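final.txt (compact mmCIF, C-alpha atoms) appears below.
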# COMPACT_ATOMS: atom_id res chain seq x y z
CA MET A 1 46.58 19.57 -16.14
CA ARG A 2 46.88 16.50 -18.35
CA SER A 3 45.75 14.11 -15.61
CA SER A 4 42.81 16.41 -14.91
CA THR A 5 41.75 16.23 -18.60
CA THR A 6 42.03 12.44 -18.53
CA GLY A 7 39.92 12.37 -15.38
CA TRP A 8 37.18 14.46 -16.97
CA LEU A 9 37.30 12.32 -20.12
CA LEU A 10 36.85 9.18 -18.01
CA LEU A 11 33.94 10.81 -16.18
CA LEU A 12 32.30 12.02 -19.39
CA PRO A 13 30.19 8.89 -20.14
CA THR A 14 28.81 8.92 -16.59
CA ILE A 15 28.07 12.63 -16.76
CA VAL A 16 26.31 12.25 -20.13
CA ILE A 17 24.19 9.34 -18.83
CA LEU A 18 23.36 11.26 -15.62
CA VAL A 19 22.35 14.35 -17.61
CA PHE A 20 20.05 12.33 -19.90
CA THR A 21 18.54 10.05 -17.23
CA GLY A 22 18.53 12.34 -14.20
CA VAL A 23 18.95 16.04 -14.86
CA MET A 24 16.85 16.38 -18.04
CA PRO A 25 13.82 14.43 -16.74
CA PHE A 26 13.98 16.49 -13.54
CA ILE A 27 13.99 19.76 -15.50
CA TYR A 28 11.16 18.46 -17.71
CA VAL A 29 9.03 17.54 -14.65
CA LEU A 30 9.88 20.89 -13.04
CA LEU A 31 8.72 22.78 -16.16
CA THR A 32 5.61 20.61 -16.59
CA SER A 33 4.57 21.33 -13.00
CA PHE A 34 4.06 24.99 -13.95
CA PHE A 35 1.65 24.10 -16.79
CA ASP A 36 -1.92 22.91 -17.02
CA TRP A 37 -1.57 19.92 -19.29
CA ASN A 38 -4.42 17.47 -19.58
CA LEU A 39 -4.88 15.41 -22.75
CA PHE A 40 -8.61 15.01 -22.00
CA ALA A 41 -9.20 18.75 -21.51
CA VAL A 42 -10.93 20.97 -24.08
CA ASN A 43 -7.50 22.33 -24.95
CA PRO A 44 -5.03 19.43 -24.68
CA GLU A 45 -2.01 21.74 -25.22
CA PRO A 46 0.08 22.77 -22.18
CA GLN A 47 -1.19 26.08 -20.74
CA TRP A 48 0.97 28.25 -18.46
CA ALA A 49 -0.46 27.94 -14.93
CA ALA A 50 2.26 29.61 -12.81
CA ALA A 51 2.05 28.15 -9.27
CA ASN A 52 -1.58 26.98 -9.61
CA ASN A 53 -0.70 23.27 -9.51
CA PHE A 54 1.17 23.77 -6.23
CA ARG A 55 -1.66 25.95 -4.91
CA ARG A 56 -4.06 23.15 -5.77
CA LEU A 57 -2.01 20.44 -4.09
CA VAL A 58 -1.61 22.23 -0.74
CA HIS A 59 -5.42 22.36 -0.54
CA ASP A 60 -6.02 18.85 -1.91
CA ALA A 61 -7.31 16.84 1.08
CA GLU A 62 -6.81 13.50 -0.71
CA PHE A 63 -3.19 14.29 -1.55
CA LEU A 64 -2.44 15.56 1.97
CA LYS A 65 -3.98 12.39 3.36
CA SER A 66 -1.82 10.27 1.04
CA ILE A 67 1.27 12.11 2.33
CA TRP A 68 0.24 11.43 5.93
CA LEU A 69 -0.40 7.74 5.18
CA THR A 70 2.94 7.43 3.37
CA LEU A 71 4.85 9.02 6.25
CA LYS A 72 3.11 6.72 8.72
CA PHE A 73 3.86 3.71 6.53
CA THR A 74 7.51 4.78 6.15
CA LEU A 75 7.95 5.18 9.90
CA TYR A 76 6.44 1.79 10.72
CA VAL A 77 8.35 -0.19 8.09
CA LEU A 78 11.63 1.61 8.68
CA VAL A 79 11.69 1.12 12.45
CA SER A 80 10.57 -2.51 12.14
CA GLN A 81 12.97 -3.39 9.36
CA VAL A 82 16.00 -1.79 10.98
CA ALA A 83 15.24 -3.39 14.37
CA ILE A 84 14.51 -6.87 12.96
CA GLY A 85 17.29 -6.60 10.35
CA PHE A 86 19.87 -5.62 12.96
CA ALA A 87 18.79 -8.44 15.27
CA LEU A 88 18.97 -10.99 12.44
CA ALA A 89 22.34 -9.66 11.26
CA ARG A 90 23.73 -10.02 14.80
CA LEU A 91 22.26 -13.52 14.95
CA MET A 92 23.92 -14.48 11.69
CA MET A 93 27.28 -13.35 12.99
CA ARG A 94 27.09 -16.35 15.35
CA ASP A 95 27.30 -20.03 14.47
CA PHE A 96 24.17 -22.14 14.75
CA PRO A 97 22.87 -25.28 13.02
CA PHE A 98 21.53 -24.79 9.47
CA LYS A 99 22.86 -21.22 9.39
CA LYS A 100 23.54 -21.25 5.64
CA PHE A 101 20.12 -22.72 4.92
CA PHE A 102 18.43 -20.09 7.08
CA ARG A 103 20.39 -17.33 5.38
CA ALA A 104 19.37 -18.56 1.93
CA VAL A 105 15.69 -18.95 2.83
CA HIS A 106 15.67 -15.61 4.64
CA THR A 107 16.97 -13.89 1.48
CA LEU A 108 14.33 -15.40 -0.83
CA PRO A 109 11.76 -12.55 -0.57
CA LEU A 110 14.38 -10.16 -1.95
CA MET A 111 14.51 -12.12 -5.20
CA ILE A 112 10.78 -11.83 -5.82
CA ALA A 113 9.47 -8.92 -7.90
CA PRO A 114 7.28 -6.51 -5.88
CA ILE A 115 4.33 -7.13 -8.17
CA ALA A 116 4.61 -10.89 -7.50
CA VAL A 117 4.91 -10.23 -3.75
CA GLY A 118 1.69 -8.21 -3.90
CA ALA A 119 -0.06 -10.95 -5.91
CA THR A 120 1.10 -13.65 -3.46
CA TRP A 121 -0.11 -11.69 -0.44
CA ARG A 122 -3.36 -10.97 -2.25
CA LEU A 123 -3.91 -14.71 -2.73
CA MET A 124 -3.07 -15.38 0.90
CA THR A 125 -5.51 -12.73 2.15
CA VAL A 126 -8.57 -13.27 -0.05
CA PRO A 127 -11.47 -14.29 2.25
CA GLY A 128 -12.71 -17.79 1.45
CA LEU A 129 -9.52 -18.68 -0.43
CA GLY A 130 -6.42 -17.54 1.41
CA PRO A 131 -5.02 -19.17 4.56
CA ILE A 132 -4.62 -15.94 6.57
CA PRO A 133 -8.37 -15.09 6.89
CA TYR A 134 -9.13 -18.78 7.48
CA TYR A 135 -6.73 -19.24 10.38
CA LEU A 136 -7.40 -15.82 11.90
CA LYS A 137 -11.11 -16.66 11.97
CA ASN A 138 -10.74 -20.23 13.25
CA TRP A 139 -7.98 -19.70 15.80
CA PHE A 140 -8.59 -16.15 17.05
CA GLY A 141 -12.13 -15.34 15.90
CA ILE A 142 -10.88 -12.33 13.90
CA ASP A 143 -12.91 -11.31 10.87
CA TYR A 144 -10.13 -10.43 8.43
CA ARG A 145 -11.30 -8.52 5.36
CA LEU A 146 -8.90 -6.16 3.64
CA SER A 147 -11.59 -4.58 1.53
CA MET A 148 -13.69 -3.69 4.59
CA PHE A 149 -11.39 -2.73 7.48
CA PRO A 150 -8.85 0.09 6.90
CA ASP A 151 -6.66 -0.84 9.89
CA GLN A 152 -6.32 -4.42 8.66
CA ALA A 153 -5.47 -3.24 5.16
CA PHE A 154 -2.82 -0.82 6.46
CA ALA A 155 -1.33 -3.40 8.82
CA SER A 156 -1.21 -5.99 6.03
CA VAL A 157 0.61 -3.59 3.70
CA VAL A 158 3.12 -2.78 6.44
CA LEU A 159 3.66 -6.49 7.22
CA MET A 160 4.10 -7.28 3.53
CA ASP A 161 6.75 -4.59 3.14
CA ILE A 162 8.55 -5.75 6.29
CA TRP A 163 8.50 -9.33 5.00
CA HIS A 164 9.78 -8.24 1.61
CA TRP A 165 12.55 -5.82 2.54
CA THR A 166 13.89 -6.90 5.94
CA PRO A 167 16.34 -9.33 4.25
CA PHE A 168 17.86 -6.38 2.39
CA VAL A 169 18.47 -4.58 5.69
CA THR A 170 19.84 -7.78 7.22
CA LEU A 171 22.28 -8.34 4.36
CA THR A 172 23.63 -4.78 4.32
CA LEU A 173 24.00 -4.70 8.10
CA LEU A 174 25.58 -8.17 8.04
CA ALA A 175 28.14 -6.88 5.52
CA GLY A 176 28.83 -3.94 7.85
CA LEU A 177 29.12 -6.13 10.94
CA SER A 178 31.47 -8.57 9.13
CA ASN A 179 33.84 -5.72 8.31
CA LEU A 180 34.00 -4.29 11.83
CA PRO A 181 37.39 -4.66 13.47
CA GLN A 182 37.17 -7.08 16.41
CA GLU A 183 39.96 -5.51 18.46
CA PRO A 184 37.89 -2.73 20.10
CA VAL A 185 35.20 -5.27 21.07
CA GLU A 186 37.77 -7.64 22.59
CA GLN A 187 39.47 -4.73 24.35
CA ALA A 188 36.14 -3.63 25.84
CA ARG A 189 35.41 -7.18 27.01
CA ILE A 190 38.80 -7.32 28.73
CA ASP A 191 38.01 -3.98 30.37
CA GLY A 192 34.82 -5.48 31.79
CA ALA A 193 32.18 -3.98 29.47
CA ASN A 194 28.96 -5.97 29.20
CA GLU A 195 27.20 -6.85 25.92
CA VAL A 196 24.80 -3.90 26.10
CA GLN A 197 27.66 -1.43 26.60
CA ILE A 198 29.62 -3.02 23.76
CA PHE A 199 26.58 -2.74 21.48
CA TRP A 200 25.73 0.92 22.32
CA ASP A 201 29.24 2.32 22.66
CA ILE A 202 31.25 0.35 20.10
CA ILE A 203 29.18 -1.56 17.56
CA LEU A 204 26.41 0.99 16.97
CA PRO A 205 28.73 4.02 16.44
CA ALA A 206 30.96 1.95 14.15
CA MET A 207 27.92 0.84 12.16
CA LYS A 208 26.62 4.39 11.69
CA PRO A 209 27.71 4.81 8.02
CA VAL A 210 26.17 1.46 7.02
CA LEU A 211 23.04 2.16 9.05
CA LEU A 212 22.66 5.60 7.47
CA THR A 213 23.01 4.21 3.94
CA THR A 214 20.52 1.42 4.65
CA ILE A 215 18.02 3.78 6.26
CA PHE A 216 18.26 6.23 3.34
CA ILE A 217 17.67 3.47 0.78
CA ARG A 218 14.70 2.14 2.74
CA ILE A 219 13.20 5.63 3.25
CA MET A 220 13.41 6.34 -0.47
CA ASP A 221 11.90 2.94 -1.31
CA ALA A 222 9.10 3.29 1.24
CA LEU A 223 8.17 6.78 0.08
CA ARG A 224 7.72 5.60 -3.49
CA VAL A 225 6.07 2.24 -2.87
CA VAL A 226 3.41 1.49 -5.51
CA ASP A 227 3.28 -1.92 -7.14
CA GLU A 228 2.93 -4.33 -4.22
CA VAL A 229 0.36 -2.10 -2.50
CA TRP A 230 -1.55 -1.79 -5.75
CA MET A 231 -1.67 -5.58 -6.07
CA LEU A 232 -2.71 -6.16 -2.44
CA THR A 233 -5.26 -3.43 -1.70
CA GLN A 234 -5.44 -1.19 -4.80
CA GLY A 235 -5.17 1.71 -2.36
CA GLY A 236 -8.35 0.72 -0.54
CA PRO A 237 -10.61 0.36 1.28
CA GLY A 238 -11.59 3.83 0.06
CA ALA A 239 -8.24 5.62 0.03
CA GLU A 240 -6.91 4.20 3.31
CA THR A 241 -3.77 2.67 1.75
CA ARG A 242 -3.44 5.07 -1.17
CA PHE A 243 0.15 6.18 -0.67
CA ILE A 244 1.72 9.07 -2.60
CA GLY A 245 2.96 6.87 -5.46
CA LEU A 246 -0.47 5.32 -5.99
CA HIS A 247 -2.17 8.71 -5.75
CA ILE A 248 0.16 10.22 -8.34
CA TRP A 249 -0.37 7.22 -10.61
CA LYS A 250 -4.15 7.67 -10.39
CA ILE A 251 -3.87 11.36 -11.29
CA VAL A 252 -1.27 11.02 -14.05
CA PHE A 253 -2.36 7.91 -15.96
CA PRO A 254 -6.15 7.42 -15.79
CA LYS A 255 -6.82 11.19 -15.61
CA THR A 256 -3.81 12.32 -17.75
CA ASP A 257 -3.37 15.39 -15.55
CA TYR A 258 0.33 15.75 -16.24
CA GLY A 259 0.89 19.23 -14.79
CA TYR A 260 -0.67 18.41 -11.43
CA GLY A 261 0.97 14.98 -11.38
CA SER A 262 4.37 16.62 -11.94
CA ALA A 263 3.75 19.04 -9.07
CA MET A 264 2.89 16.13 -6.76
CA SER A 265 5.97 14.19 -7.90
CA LEU A 266 8.18 17.20 -7.18
CA LEU A 267 6.71 17.59 -3.71
CA THR A 268 7.37 13.90 -3.07
CA LEU A 269 10.98 14.33 -4.19
CA TYR A 270 11.25 17.41 -1.97
CA LEU A 271 9.92 15.50 1.05
CA THR A 272 12.28 12.59 0.40
CA ILE A 273 15.32 14.86 0.17
CA VAL A 274 14.36 16.89 3.24
CA ILE A 275 13.64 13.82 5.39
CA CYS A 276 16.93 12.15 4.37
CA TRP A 277 18.87 15.37 4.96
CA LEU A 278 17.33 15.97 8.39
CA LEU A 279 18.07 12.39 9.36
CA TYR A 280 21.64 12.70 8.11
CA VAL A 281 22.18 15.90 10.08
CA ALA A 282 20.61 14.39 13.20
CA MET A 283 22.71 11.22 13.01
CA THR A 284 26.02 12.87 12.19
CA ALA A 285 25.68 15.92 14.47
CA ARG A 286 26.50 13.74 17.49
CA LYS A 287 30.05 13.48 16.18
CA GLU A 288 30.67 17.07 17.19
CA ARG A 289 29.71 16.55 20.84
CA PRO A 290 32.67 16.90 23.16
CA LEU A 291 33.73 13.63 24.78
CA MET B 1 38.23 19.53 -7.10
CA ILE B 2 36.73 22.72 -5.66
CA ALA B 3 37.20 22.87 -1.90
CA MET B 4 34.29 24.33 0.06
CA PRO B 5 35.45 25.10 3.61
CA ASP B 6 33.11 24.40 6.54
CA ARG B 7 32.28 27.14 8.98
CA ARG B 8 29.98 27.77 11.92
CA GLY B 9 27.52 30.66 11.61
CA PHE B 10 24.16 31.20 13.29
CA LEU B 11 22.90 27.82 12.03
CA PRO B 12 23.18 25.04 14.63
CA ILE B 13 25.45 22.92 12.38
CA ARG B 14 28.74 23.44 10.58
CA THR B 15 27.99 24.18 6.90
CA ASN B 16 29.79 24.80 3.63
CA ALA B 17 28.51 27.03 0.82
CA PHE B 18 26.60 24.18 -0.83
CA ASP B 19 24.84 23.31 2.46
CA ARG B 20 23.75 26.92 2.92
CA VAL B 21 22.40 27.20 -0.62
CA PHE B 22 20.60 23.86 -0.13
CA ILE B 23 19.03 25.03 3.16
CA SER B 24 17.96 28.27 1.47
CA VAL B 25 16.26 26.39 -1.39
CA VAL B 26 14.53 23.99 1.05
CA LEU B 27 13.23 26.96 3.07
CA PHE B 28 12.22 28.82 -0.11
CA VAL B 29 9.99 25.92 -1.17
CA ALA B 30 8.62 25.31 2.35
CA ILE B 31 7.76 28.98 2.91
CA HIS B 32 5.94 29.20 -0.43
CA LEU B 33 3.95 26.01 0.13
CA LEU B 34 2.96 26.99 3.68
CA TRP B 35 2.14 30.53 2.53
CA MET B 36 -0.15 29.19 -0.19
CA ARG B 37 -1.83 26.88 2.32
CA PHE B 38 -2.39 29.30 5.19
CA LEU B 39 -1.70 32.96 4.35
CA GLU B 40 -2.45 33.54 0.67
CA PRO B 41 -6.12 34.51 1.17
CA THR B 42 -4.96 37.54 3.16
CA LEU B 43 -1.37 38.19 1.97
CA PRO B 44 -0.17 37.83 -1.66
CA LEU B 45 2.46 35.24 -2.58
CA TRP B 46 5.09 37.75 -3.71
CA ILE B 47 5.64 38.69 -0.05
CA ALA B 48 6.69 35.07 0.57
CA THR B 49 9.10 35.30 -2.38
CA VAL B 50 10.69 38.49 -1.04
CA LEU B 51 10.97 37.05 2.48
CA SER B 52 12.45 33.78 1.18
CA VAL B 53 15.04 35.56 -0.95
CA ILE B 54 16.09 37.78 1.98
CA LEU B 55 16.23 34.76 4.31
CA GLY B 56 18.22 32.79 1.69
CA ALA B 57 20.72 35.64 1.31
CA VAL B 58 21.16 35.88 5.10
CA ILE B 59 21.69 32.13 5.39
CA VAL B 60 24.21 32.03 2.55
CA ARG B 61 26.22 34.95 3.98
CA ARG B 62 25.92 34.43 7.73
CA GLY B 63 24.67 30.86 8.20
Kindly transcribe the structure held in the file into structure tokens.
Amino acid sequence: MRSSTTGWLLLLPTIVILVFTGVMPFIYVLLTSFFDWNLFAVNPEPQWAAANNFRRLVHDAEFLKSIWLTLKFTLYVLVSQVAIGFALARLMMRDFPFKKFFRAVHTLPLMIAPIAVGATWRLMTVPGLGPIPYYLKNWFGIDYRLSMFPDQAFASVVLMDIWHWTPFVTLTLLAGLSNLPQEPVEQARIDGANEVQIFWDIILPAMKPVLLTTIFIRIMDALRVVDEVWMLTQGGPGAETRFIGLHIWKIVFPKTDYGYGSAMSLLTLYLTIVICWLLYVAMTARKERPL
Amino acid sequence: MIAMPDRRGFLPIRTNAFDRVFISVVLFVAIHLLWMRFLEPTLPLWIATVLSVILGAVIVRRG
């Protein structure tokens, strides 16, 4: 009993911090989402709106489009980052010249603030100033204008995110690979398994917890991306790169529509939790298959 | 520590009580949002609430 009390006392600061920084804001957003609350309205006081904000958002074509764009963006960056990150992590498990230098340079994007990443890519992609439009035009004859072509804007945002966050995936997977026991791999080699079999049947299953954690972190990050996209395209051209975070920002801050903004934020949280949970179930359900 | 034993019901995965409550809440929200999007012009929202609560109770007890 006494050790239990001590345990709870030790947990108390964490619980208090979690309640103030996590639970209370969540409850506040949940309550706000059931009110009409717009500071620029005739009546700036919160008005009870029942489920009207949610009713509005399921019919809001712009919001539904931003969800679709965000899901597409998340899929592209996640698959690319995990594939490239895994390949680089496997590469860094081997010895090659200038390995430490490569590892340091490869990690540099992680140290740059997203807003600075967006600004850098903006400078590189401005027609008439940046090197990317210049070389694409001169070498391949491609007219590269982010503010004119939606596909180019979307692809650029995806590339920027891959460039920025792949090192994170590489580092976490490298940490996982470094901690894998070598005995099963050596045993499989002795038994005549080739590299592909070793990868699929030994390394990949053993890496599942690290992979899951990395994928969850990247999904959550990708679903709430705002600052670097804002710097690069400002959500344009039109609304072709206006992801959920940007859309919510435009509703909540310039328009001060807090009730509707809260409803959209809750739906984003709901989507994030459901996607992560489905992925978790899909990736761990295989464990139960009979051998 | 409160132990929540796993079990296999009609759901395709093994679940504990927390999992079943979580699945019920997820379905509650999804049913309401889809109802508002597609069915509300013809059927009122309270039907979705009743259906979701019944479905949630079934999942928690038998899932």
Return the neighbours of chain A among the residues of chain B, cut-off 8 Å, counting all atoms listed in the file, as a ChimeraX atom specification. /B:13,26,33-34,36-37
Could you list as a PyMOL selection string every residue that has an atom within 7 Å of (17.6, 30.0, 3.1), using the file's coordinates and counting all atoms listed in the file? chain B and resi 20-21+23-25+27-28+52+55-57+59-60
Computed interatomic separation between atom CA of A:Arg145 and atom CA of A:Pro127 (Å):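 One can read the atom CA of A:Arg145 to atom CA of A:Pro127 distance as 6.6 Å.
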For A:Pro25, the closest of A:Asn38, A:Ser265, A:Thr6, A:Ser80 counting all atoms listed in the file is A:Ser265
Nearest to A:Val82: which of A:Trp165, A:Phe253, A:Phe34, A:Trp48 is it, counting only C-alpha atoms?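 Looking at the shortest contact to A:Val82, the residue is A:Trp165.
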Distance of atom CA of A:Ile84 from atom CA of A:Pro97, expressed in Å to one decimal place: 20.2 Å
Return the single residue from A:Gly238, A:Trp200, A:Tyr258, A:Thr107 that is closest to A:Gln47, with distances computed using only C-alpha atoms.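 Using only C-alpha atoms, A:Gln47 sits closest to A:Tyr258.
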Among the residues A:Met93, A:Pro44, A:Pro254, A:Met160, the one that comes closest to A:Met124 [using all atoms listed in the file]: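 Smallest distance to A:Met124 is found for A:Met160.
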Coordinates-based distance that separates atom CA of A:Leu212 from atom CA of A:Met111 (Å, one decimal):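 Calculated distance between atom CA of A:Met111 and atom CA of A:Leu212 is 23.3 Å.
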Please identify all polymer residues within 8 Å of stretch 176-192 of chain A, counting all atoms listed in the file, omitting same-chain residues fewer than 2 positions from it, and present them as a list of chain:residue names.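 Listing them by chain and then by number gives A:Ala89, A:Arg90, A:Met93, A:Thr172, A:Leu173, A:Leu174, A:Asn194, A:Ile198, A:Ile202, A:Ile203, A:Ala206, A:Met207, A:Val210.
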Hey, which of A:Ile251, A:Leu246, A:Val158, A:Met148 ends up closest to A:Lys72? Count only C-alpha atoms.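 With only C-alpha atoms as the atom set, the closest residue is A:Val158.
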Residue completion, stretch 220-234 of chain A, N, CA and C atoms, as a short mmCIF file (atom, residue, chain, number, x, y, z; two decimals), in the frame of the given file:
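Output file result03.cif is given in full below:
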data_model
loop_
_atom_site.label_atom_id
_atom_site.label_comp_id
_atom_site.auth_asym_id
_atom_site.auth_seq_id
_atom_site.Cartn_x
_atom_site.Cartn_y
_atom_site.Cartn_z
N MET A 220 13.74 6.00 0.93
CA MET A 220 13.41 6.34 -0.47
C MET A 220 12.49 5.30 -1.08
N ASP A 221 12.76 4.02 -0.78
CA ASP A 221 11.90 2.94 -1.31
C ASP A 221 10.49 3.04 -0.73
N ALA A 222 10.42 3.28 0.59
CA ALA A 222 9.10 3.29 1.24
C ALA A 222 8.27 4.48 0.77
N LEU A 223 8.93 5.60 0.51
CA LEU A 223 8.17 6.78 0.08
C LEU A 223 7.64 6.64 -1.34
N ARG A 224 8.22 5.73 -2.13
CA ARG A 224 7.72 5.60 -3.49
C ARG A 224 7.13 4.22 -3.76
N VAL A 225 6.65 3.58 -2.69
CA VAL A 225 6.07 2.24 -2.87
C VAL A 225 4.77 2.36 -3.70
N VAL A 226 4.62 1.47 -4.67
CA VAL A 226 3.41 1.49 -5.51
C VAL A 226 2.92 0.08 -5.81
N ASP A 227 3.76 -0.70 -6.48
CA ASP A 227 3.28 -1.92 -7.14
C ASP A 227 2.71 -2.98 -6.20
N GLU A 228 3.43 -3.27 -5.09
CA GLU A 228 2.93 -4.33 -4.22
C GLU A 228 1.66 -3.90 -3.49
N VAL A 229 1.58 -2.60 -3.15
CA VAL A 229 0.36 -2.10 -2.50
C VAL A 229 -0.80 -2.12 -3.48
N TRP A 230 -0.51 -1.77 -4.71
CA TRP A 230 -1.55 -1.79 -5.75
C TRP A 230 -2.10 -3.21 -5.92
N MET A 231 -1.22 -4.19 -5.90
CA MET A 231 -1.67 -5.58 -6.07
C MET A 231 -2.47 -6.05 -4.86
N LEU A 232 -2.06 -5.63 -3.65
CA LEU A 232 -2.71 -6.16 -2.44
C LEU A 232 -4.04 -5.46 -2.15
N THR A 233 -4.04 -4.14 -2.14
CA THR A 233 -5.26 -3.43 -1.70
C THR A 233 -5.82 -2.48 -2.75
N GLN A 234 -5.08 -2.20 -3.79
CA GLN A 234 -5.44 -1.19 -4.80
C GLN A 234 -5.70 0.17 -4.14
#
